[in-house]
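**Student:** Below you'll find entry-v1.cif; it's mmCIF, C-alpha atoms and all ligand atoms.
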data_target
loop_
_atom_site.label_atom_id
_atom_site.label_comp_id
_atom_site.auth_asym_id
_atom_site.auth_seq_id
_atom_site.Cartn_x
_atom_site.Cartn_y
_atom_site.Cartn_z
CA MET C 1 0.00 0.00 0.00
CA THR C 2 1.33 3.43 -0.90
CA PRO C 3 1.75 5.49 2.27
CA THR C 4 -0.44 8.53 2.92
CA ARG C 5 1.59 11.69 2.48
CA SER C 6 0.93 14.95 4.32
CA ALA C 7 3.21 17.99 4.59
CA VAL C 8 3.49 20.90 7.04
CA ARG C 9 5.93 23.76 7.64
CA LEU C 10 7.99 24.05 10.82
CA SER C 11 8.12 27.46 12.54
CA ASP C 12 11.30 28.47 10.68
CA GLY C 13 9.82 27.55 7.29
CA ARG C 14 11.41 24.14 6.87
CA GLU C 15 9.26 21.41 5.31
CA LEU C 16 8.14 18.30 7.25
CA ILE C 17 6.44 15.38 5.49
CA TYR C 18 4.64 12.49 7.17
CA PHE C 19 4.41 9.12 5.40
CA ASP C 20 1.66 7.17 7.14
CA GLU C 21 0.68 3.53 6.89
CA THR C 22 -2.95 4.38 7.65
CA PRO C 23 -5.12 6.98 5.90
CA ASP C 24 -6.36 10.16 7.62
CA SER C 25 -3.92 10.16 10.52
CA GLY C 26 -4.50 13.88 11.00
CA ARG C 27 -0.84 14.41 11.91
CA ALA C 28 -0.48 17.45 9.70
CA SER C 29 -3.00 19.32 11.90
CA PHE C 30 -0.41 19.65 14.70
CA ALA C 31 1.48 22.95 14.43
CA ASP C 32 5.07 23.62 15.46
CA THR C 33 4.80 25.77 18.62
CA ARG C 34 8.51 26.54 18.94
CA GLN C 35 10.12 29.90 18.25
CA LEU C 36 13.01 28.85 16.05
CA PRO C 37 15.84 31.12 14.91
CA PRO C 38 16.09 31.89 11.20
CA PRO C 39 17.95 29.38 8.99
CA PRO C 40 21.75 29.32 9.44
CA PRO C 41 24.13 31.33 7.28
CA ALA C 42 25.12 30.04 3.88
CA SER C 43 27.54 27.19 3.52
CA GLN C 44 29.83 27.21 0.52
CA LEU C 45 31.62 24.88 -1.83
CA ARG C 46 35.28 25.49 -2.52
CA TYR C 47 37.06 23.88 -5.45
CA ASP C 48 40.26 21.94 -4.73
CA PRO C 49 42.23 22.29 -7.97
CA LEU C 50 44.83 19.70 -6.92
CA VAL C 51 42.35 16.81 -7.12
CA ASP C 52 39.52 18.39 -9.15
CA GLU C 53 36.99 18.03 -6.31
CA TRP C 54 34.57 20.33 -4.47
CA VAL C 55 34.66 20.57 -0.66
CA ALA C 56 31.68 21.83 1.40
CA ILE C 57 32.52 24.34 4.14
CA ALA C 58 29.61 24.48 6.62
CA ALA C 59 30.85 26.07 9.85
CA HIS C 60 27.37 26.30 11.42
CA ARG C 61 27.22 22.49 11.66
CA ASN C 62 29.75 22.62 14.51
CA THR C 63 26.99 23.79 16.88
CA ARG C 64 24.48 21.05 16.01
CA THR C 65 22.74 18.91 18.63
CA PHE C 66 25.09 16.25 20.01
CA LEU C 67 23.78 13.08 21.72
CA PRO C 68 20.91 14.71 23.69
CA PRO C 69 19.21 12.78 26.56
CA SER C 70 16.24 10.70 25.40
CA ASP C 71 13.66 13.09 26.93
CA ALA C 72 15.06 15.89 24.74
CA CYS C 73 15.36 13.92 21.51
CA PRO C 74 14.53 16.15 18.51
CA LEU C 75 13.39 13.10 16.49
CA CYS C 76 10.87 11.72 18.99
CA PRO C 77 7.25 12.90 18.65
CA THR C 78 6.40 16.10 20.53
CA THR C 79 5.17 15.58 24.12
CA GLU C 80 3.62 17.96 26.64
CA ARG C 81 7.04 18.52 28.16
CA PHE C 82 9.24 18.70 25.06
CA ALA C 83 8.56 20.17 21.61
CA SER C 84 10.68 18.25 19.11
CA GLU C 85 11.20 18.62 15.36
CA ILE C 86 8.02 16.59 14.88
CA PRO C 87 4.88 18.39 16.20
CA ALA C 88 2.57 15.32 15.99
CA PRO C 89 2.23 13.04 19.07
CA SER C 90 3.10 9.99 16.95
CA TYR C 91 4.20 9.09 13.42
CA ASP C 92 5.19 6.19 11.17
CA VAL C 93 7.88 7.72 8.95
CA ALA C 94 8.66 11.45 9.04
CA VAL C 95 11.03 13.42 6.81
CA PHE C 96 12.09 17.02 7.38
CA GLU C 97 14.70 19.49 6.20
CA ASN C 98 17.81 19.40 8.37
CA GLN C 99 18.13 22.36 10.76
CA PHE C 100 21.90 22.27 10.28
CA PRO C 101 22.22 21.51 6.56
CA SER C 102 25.44 21.03 4.64
CA PHE C 103 23.46 22.03 1.54
CA SER C 104 20.27 24.07 1.33
CA ASP C 105 17.95 25.55 -1.27
CA ARG C 106 17.39 28.61 0.97
CA ILE C 107 20.95 29.73 0.66
CA VAL C 108 21.40 33.27 -0.58
CA ALA C 109 24.49 33.44 -2.73
CA ASN C 110 27.04 35.82 -1.24
CA GLU C 111 29.44 38.05 -3.11
CA LEU C 112 32.40 35.73 -2.81
CA THR C 113 33.03 33.91 -6.08
CA GLN C 114 36.64 32.87 -5.55
CA VAL C 115 39.23 32.45 -2.81
CA THR C 116 42.12 32.62 -5.26
CA GLU C 117 42.18 32.46 -9.04
CA LEU C 118 42.57 28.69 -8.81
CA VAL C 119 39.93 28.19 -6.11
CA PRO C 120 36.44 29.20 -7.25
CA VAL C 121 33.61 29.26 -4.69
CA ARG C 122 29.95 28.46 -5.21
CA PRO C 123 27.00 28.56 -2.80
CA GLY C 124 26.22 25.30 -1.00
CA GLN C 125 22.98 24.94 -2.88
CA GLY C 126 21.13 21.65 -2.47
CA ARG C 127 19.04 19.99 0.16
CA CYS C 128 19.61 17.99 3.35
CA GLU C 129 16.76 16.04 4.89
CA VAL C 130 16.42 13.85 7.98
CA VAL C 131 14.40 10.62 7.64
CA CYS C 132 12.92 9.21 10.88
CA PHE C 133 12.24 5.49 10.45
CA THR C 134 10.04 5.05 13.54
CA SER C 135 8.75 7.04 16.51
CA ASP C 136 10.32 4.40 18.82
CA HIS C 137 13.50 6.01 20.18
CA ASN C 138 15.01 2.68 21.23
CA ALA C 139 14.37 0.75 18.01
CA ALA C 140 16.92 0.01 15.29
CA PHE C 141 16.37 -0.29 11.56
CA GLY C 142 17.00 -4.02 11.85
CA SER C 143 14.11 -4.39 14.31
CA LEU C 144 11.51 -2.82 11.98
CA PRO C 145 8.92 -5.05 10.29
CA PRO C 146 9.20 -5.48 6.48
CA SER C 147 6.05 -3.36 6.07
CA ARG C 148 7.88 -0.39 7.67
CA VAL C 149 10.94 -0.92 5.46
CA ARG C 150 8.56 -0.67 2.52
CA THR C 151 7.21 2.65 3.86
CA VAL C 152 10.78 3.94 4.24
CA ILE C 153 11.61 2.92 0.65
CA ASP C 154 8.44 4.67 -0.58
CA ALA C 155 9.43 7.80 1.38
CA LEU C 156 12.97 7.76 -0.04
CA ALA C 157 11.57 7.27 -3.55
CA ASP C 158 9.15 10.18 -3.06
CA ARG C 159 11.94 12.43 -1.81
CA THR C 160 14.35 11.38 -4.58
CA ALA C 161 11.76 12.11 -7.27
CA GLU C 162 10.92 15.55 -5.86
CA ILE C 163 14.43 16.65 -4.92
CA SER C 164 15.74 15.60 -8.37
CA THR C 165 13.56 18.31 -9.92
CA MET C 166 14.91 21.09 -7.66
CA PRO C 167 17.11 23.64 -9.44
CA GLY C 168 20.83 22.87 -9.33
CA VAL C 169 20.61 19.38 -7.82
CA ALA C 170 23.15 17.03 -9.42
CA GLN C 171 22.78 13.91 -7.28
CA VAL C 172 20.49 12.59 -4.51
CA PHE C 173 22.07 10.38 -1.84
CA PRO C 174 19.98 8.63 0.87
CA PHE C 175 22.00 6.98 3.65
CA GLU C 176 22.00 5.79 7.24
CA ASN C 177 24.86 6.05 9.72
CA ARG C 178 24.39 3.65 12.61
CA GLY C 179 26.38 3.64 15.86
CA VAL C 180 28.46 6.16 17.79
CA GLU C 181 31.52 4.43 16.30
CA ILE C 182 30.47 5.93 12.94
CA GLY C 183 29.97 9.39 14.44
CA VAL C 184 26.21 9.35 14.93
CA THR C 185 25.09 12.43 16.92
CA LEU C 186 21.48 11.28 17.57
CA HIS C 187 20.56 7.79 18.84
CA HIS C 188 17.01 7.84 17.46
CA PRO C 189 16.81 5.54 14.38
CA HIS C 190 17.11 7.84 11.39
CA GLY C 191 18.73 8.29 8.03
CA GLN C 192 19.54 11.30 5.91
CA ILE C 193 19.25 12.51 2.35
CA TYR C 194 21.94 14.72 0.83
CA ALA C 195 21.21 16.43 -2.47
CA TYR C 196 24.48 17.77 -3.85
CA PRO C 197 24.95 20.61 -6.33
CA THR C 198 27.91 18.75 -7.88
CA VAL C 199 28.52 15.08 -8.73
CA THR C 200 30.42 13.56 -5.77
CA PRO C 201 34.03 12.36 -6.24
CA LYS C 202 33.03 8.69 -5.77
CA THR C 203 30.21 8.89 -8.29
CA ALA C 204 32.41 10.79 -10.76
CA ALA C 205 34.96 7.96 -10.60
CA MET C 206 32.20 5.35 -11.06
CA LEU C 207 30.88 7.28 -14.08
CA ARG C 208 34.34 7.36 -15.69
CA ALA C 209 34.66 3.58 -15.25
CA ALA C 210 31.11 2.92 -16.50
CA ARG C 211 31.63 5.12 -19.56
CA ALA C 212 34.92 3.40 -20.45
CA HIS C 213 33.28 -0.03 -20.07
CA ALA C 214 30.34 0.96 -22.30
CA GLU C 215 32.72 2.21 -24.99
CA LYS C 216 34.78 -0.99 -24.83
CA THR C 217 31.82 -3.38 -24.93
CA GLY C 218 29.44 -1.73 -27.36
CA GLY C 219 27.25 -0.13 -24.71
CA ARG C 220 27.10 -2.71 -21.92
CA ASN C 221 26.36 -1.51 -18.38
CA LEU C 222 29.34 -2.02 -16.07
CA TYR C 223 27.38 -2.60 -12.87
CA ALA C 224 25.07 -5.11 -14.60
CA ASP C 225 28.13 -7.04 -15.82
CA VAL C 226 29.73 -7.01 -12.33
CA LEU C 227 26.49 -8.26 -10.77
CA ALA C 228 26.11 -11.03 -13.37
CA ALA C 229 29.70 -12.15 -12.75
CA GLU C 230 29.08 -12.32 -8.98
CA GLN C 231 25.87 -14.31 -9.51
CA THR C 232 27.84 -16.78 -11.64
CA ALA C 233 30.81 -17.00 -9.25
CA LYS C 234 28.46 -17.42 -6.22
CA VAL C 235 31.37 -17.55 -3.74
CA ARG C 236 30.81 -13.97 -2.53
CA VAL C 237 26.98 -14.06 -2.64
CA VAL C 238 25.55 -13.75 0.88
CA ALA C 239 21.81 -13.99 0.15
CA SER C 240 19.34 -13.42 -2.67
CA ASN C 241 15.68 -13.56 -3.64
CA GLU C 242 13.66 -13.20 -6.84
CA HIS C 243 14.44 -9.49 -7.27
CA TRP C 244 17.66 -8.74 -5.36
CA THR C 245 21.13 -10.19 -4.80
CA ALA C 246 23.46 -9.35 -1.90
CA TYR C 247 27.17 -10.00 -2.40
CA VAL C 248 30.54 -8.97 -1.01
CA PRO C 249 32.41 -7.04 -3.72
CA ALA C 250 35.47 -8.92 -5.02
CA ALA C 251 37.66 -5.95 -4.11
CA ALA C 252 35.86 -4.90 -0.92
CA ARG C 253 37.51 -1.98 0.89
CA TRP C 254 35.86 -2.49 4.27
CA PRO C 255 36.15 -5.48 6.66
CA PHE C 256 32.46 -6.26 6.12
CA GLU C 257 30.93 -4.80 2.98
CA VAL C 258 27.90 -5.96 1.00
CA HIS C 259 26.27 -4.64 -2.15
CA LEU C 260 22.54 -5.19 -2.47
CA ALA C 261 21.39 -4.77 -6.07
CA PRO C 262 18.11 -5.23 -7.95
CA HIS C 263 18.25 -7.75 -10.79
CA ARG C 264 16.77 -5.19 -13.18
CA GLN C 265 18.80 -2.12 -14.11
CA VAL C 266 16.99 0.93 -12.73
CA PRO C 267 18.46 4.41 -12.23
CA ASP C 268 17.04 5.15 -8.81
CA LEU C 269 14.52 4.27 -6.09
CA PRO C 270 11.49 5.88 -7.82
CA ALA C 271 12.00 3.45 -10.73
CA LEU C 272 11.54 0.31 -8.57
CA THR C 273 8.30 -1.62 -9.10
CA ASP C 274 5.94 -2.57 -6.27
CA ALA C 275 7.24 -6.15 -6.35
CA GLU C 276 10.88 -4.99 -6.16
CA ARG C 277 10.10 -2.65 -3.24
CA ASP C 278 8.30 -5.44 -1.37
CA ALA C 279 11.16 -7.89 -1.95
CA PHE C 280 13.82 -5.48 -0.66
CA GLY C 281 12.77 -5.38 3.02
CA PRO C 282 13.03 -9.07 3.93
CA LEU C 283 16.45 -9.43 2.29
CA TYR C 284 17.87 -6.21 3.76
CA LEU C 285 16.60 -7.09 7.25
CA ASP C 286 18.19 -10.53 6.87
CA LEU C 287 21.51 -8.83 6.02
CA LEU C 288 21.30 -6.47 9.01
CA HIS C 289 20.63 -9.44 11.31
CA ARG C 290 23.68 -11.20 9.85
CA PHE C 291 25.78 -8.07 10.48
CA ASP C 292 24.64 -7.94 14.13
CA GLY C 293 25.17 -11.70 14.41
CA LEU C 294 28.83 -11.53 13.33
CA PHE C 295 30.12 -10.49 16.75
CA GLY C 296 26.93 -10.93 18.76
CA LYS C 297 26.43 -7.19 19.28
CA PRO C 298 25.02 -4.24 17.34
CA MET C 299 27.25 -3.59 14.35
CA PRO C 300 28.11 0.02 13.51
CA TYR C 301 27.44 0.50 9.81
CA ILE C 302 26.96 2.88 6.93
CA SER C 303 24.15 2.07 4.52
CA ALA C 304 24.46 4.06 1.29
CA TRP C 305 22.14 4.20 -1.71
CA HIS C 306 23.99 4.76 -4.98
CA GLN C 307 21.54 6.33 -7.43
CA ALA C 308 22.01 7.59 -10.99
CA VAL C 309 22.98 11.26 -11.29
CA VAL C 310 20.26 13.72 -12.31
CA GLY C 311 22.05 15.07 -15.41
CA GLU C 312 24.77 13.90 -17.80
CA GLY C 313 25.66 10.23 -17.32
CA ARG C 314 22.28 9.29 -15.85
CA GLU C 315 21.92 6.39 -18.32
CA LEU C 316 25.11 4.82 -16.89
CA GLY C 317 23.72 4.54 -13.34
CA TYR C 318 22.53 1.31 -11.73
CA LEU C 319 20.78 1.63 -8.38
CA HIS C 320 22.40 -0.34 -5.55
CA LEU C 321 22.82 -0.22 -1.79
CA GLN C 322 26.30 -0.36 -0.27
CA LEU C 323 26.26 -1.61 3.32
CA PHE C 324 29.54 -1.68 5.23
CA SER C 325 31.00 -1.70 8.71
CA ILE C 326 34.24 -0.46 10.20
CA ARG C 327 34.21 -3.29 12.79
CA ARG C 328 36.82 -5.92 11.85
CA ALA C 329 36.79 -7.93 15.10
CA ALA C 330 34.68 -8.05 18.28
CA ASP C 331 36.85 -5.39 19.93
CA LYS C 332 38.58 -3.79 16.94
CA LEU C 333 37.54 -1.05 14.54
CA LYS C 334 39.15 -0.17 11.25
CA PHE C 335 40.29 3.45 11.20
CA LEU C 336 41.07 5.33 8.05
CA ALA C 337 44.72 6.04 8.72
CA GLY C 338 47.70 7.00 6.56
CA SER C 339 47.18 4.92 3.43
CA GLU C 340 43.39 5.38 3.24
CA SER C 341 43.15 8.99 4.45
CA ALA C 342 46.19 10.51 2.77
CA MET C 343 46.43 8.36 -0.36
CA GLY C 344 42.88 7.04 -0.81
CA ALA C 345 44.46 3.57 -1.06
CA PHE C 346 42.51 1.01 0.97
CA VAL C 347 44.08 -1.97 2.72
CA ASN C 348 41.46 -4.52 3.84
CA ASP C 349 42.43 -7.03 6.54
CA ILE C 350 39.63 -9.47 5.70
CA VAL C 351 39.56 -11.54 2.51
CA PRO C 352 36.20 -10.81 0.79
CA GLU C 353 35.47 -14.52 0.21
CA ASN C 354 35.96 -15.15 3.94
CA ALA C 355 33.75 -12.19 4.84
CA ALA C 356 31.00 -13.64 2.62
CA GLN C 357 31.33 -17.03 4.33
CA LEU C 358 31.21 -15.45 7.81
CA LEU C 359 28.08 -13.50 6.83
CA ARG C 360 26.42 -16.63 5.39
CA ASP C 361 27.16 -18.42 8.67
CA ALA C 362 26.04 -15.54 10.92
CA VAL C 363 22.40 -16.26 11.63
ZN ZN C 401 14.06 9.88 19.93
#
Could you render the structure from this file as structure tokens?
Ligand SMILES: [Zn+2]

**Tutor:**
Amino acid sequence: MTPTRSAVRLSDGRELIYFDETPDSGRASFADTRQLPPPPPASQLRYDPLVDEWVAIAAHRNTRTFLPPSDACPLCPTTERFASEIPAPSYDVAVFENQFPSFSDRIVANELTQVTELVPVRPGQGRCEVVCFTSDHNAAFGSLPPSRVRTVIDALADRTAEISTMPGVAQVFPFENRGVEIGVTLHHPHGQIYAYPTVTPKTAAMLRAARAHAEKTGGRNLYADVLAAEQTAKVRVVASNEHWTAYVPAAARWPFEVHLAPHRQVPDLPALTDAERDAFGPLYLDLLHRFDGLFGKPMPYISAWHQAVVGEGRELGYLHLQLFSIRRAADKLKFLAGSESAMGAFVNDIVPENAAQLLRDAV
């Protein structure tokens, strides 16, 4: 069932959208009673000419809420004692514009257009949204029922479709950071959506590789060929169903890393069929349980949706989810140190075939 969508404005003008599993919830009738300060000053993008990449400078994010007590959680529903970001007394899935955005469509371009001749500056135009998966503060994504995962996917698809039409948006990236080990600043189960004004460095590299592969093979899609090869090899496949396959990439960078890809090439979440959306939840939940089962405790992870870019190169994209953890042993984390941080050259301590076997065994 498609969720019921209703939108309101928070007191500082930011948009909040409820995605409800039942019709006529009436949530949008609750108004934000807080007196919020005006939106923060503009962030900016500076060009790094040495590596041909843009870097976002968003100083206001340094003051954002950091691990508040649970009775002052901004993502819990509003109560009589605490007015949160969500005015309604309950919700299923709620999405709102981040109060401390790295990118925003409210940004007023300032006069600065360059730092030096070699370092142009552009306004941090774009959009940052927070996606609350459940009103239950103590839940985790892995504890949600498949029906809620479906609602989340529908919400992410809705947001991707709308944000993709906003002026200047080059790429829409939904993701979840889980665990203080990853740097999470709010415990409440939530994800985020970043809409960037430029194609990100990772996606730019993937587009270069996909374009070269298409030219070499008479137009074949690189990701589709990689997925087909993994399905044939089987040794790194962790789990699969009729519509999706989960596998450890042959050259995984992280101790535990899985790609979850639909069998049909689609550019982004809005392009998934009902059947594909329904089939995603059970397989993804199974993977999350396997992650937590590896060391018998909640696994810190990053869950990242790779979607096609909005503009040039869109036809080369192939939607997939990249799920990975920095935990490499029960009491050890992988840190991005010299080789990874300074050189971008990853060294993985766990053989991908072994990681796949451990994940298959972790139930
Ligand atoms: Zn909460």

**Student:** Taking all atoms listed in the file into account, list the residues no farther than 6 Å from ligand ZN 401 (chain C), as a list in words.

**Tutor:**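 Result of the 6 Å neighbour search around ligand ZN 401 (chain C): Ser70, Cys73, Leu75, Cys76, His137 and His188 of chain C.
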
**Student:** How many Å lie between CA of Pro49 (chain C) and CA of Gln322 (chain C), rounded to one decimal?

**Tutor:** 28.7 Å

**Student:** Return the single residue from C:Ala330, C:Val121, C:Val115, C:Val93 that is closest to Ala56 (chain C), with distances computed using all atoms listed in the file.

**Tutor:**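 Under the stated criterion, the closest residue is C:Val121.
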
**Student:** Counting only C-alpha atoms, which of C:Arg253, C:His263, C:Arg27, C:Arg14 gets nearest to Leu323 (chain C)?

**Tutor:**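 The shortest atom-to-atom distance to Leu323 (chain C) comes from C:Arg253.
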
**Student:** So that I can see what lies close to Ala94 (chain C), please list as a ChimeraX atom specification the residues with an atom at most 6 Å from it, counting only C-alpha atoms and leaving out residues fewer than 5 positions away in the same chain.

**Tutor:** /C:17-18,131-132

**Student:** Please produce an output containing C-alpha atoms for each residue in the selection, written as a JSON list (two decimals), keeping the file's coordinate frame.

**Tutor:**
[["chain", "number", "residue", "atom", "x", "y", "z"],
["C", 17, "ILE", "CA", 6.44, 15.38, 5.49],
["C", 18, "TYR", "CA", 4.64, 12.49, 7.17],
["C", 131, "VAL", "CA", 14.40, 10.62, 7.64],
["C", 132, "CYS", "CA", 12.92, 9.21, 10.88]]

**Student:** Could you jot down the CA of Val235 (chain C) to CA of Pro249 (chain C) separation for me, Å, one decimal place?

**Tutor:**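 Value for the CA of Val235 (chain C)-CA of Pro249 (chain C) distance: 10.6 Å.
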
**Student:** Taking the point (11.2, -5.7, -6.9) as given in the file, collect each protein or nucleic acid residue that comes within 9 Å of it, counting only C-alpha atoms, and present the set as a ChimeraX atom specification.

**Tutor:** /C:242-244,262-264,272-280
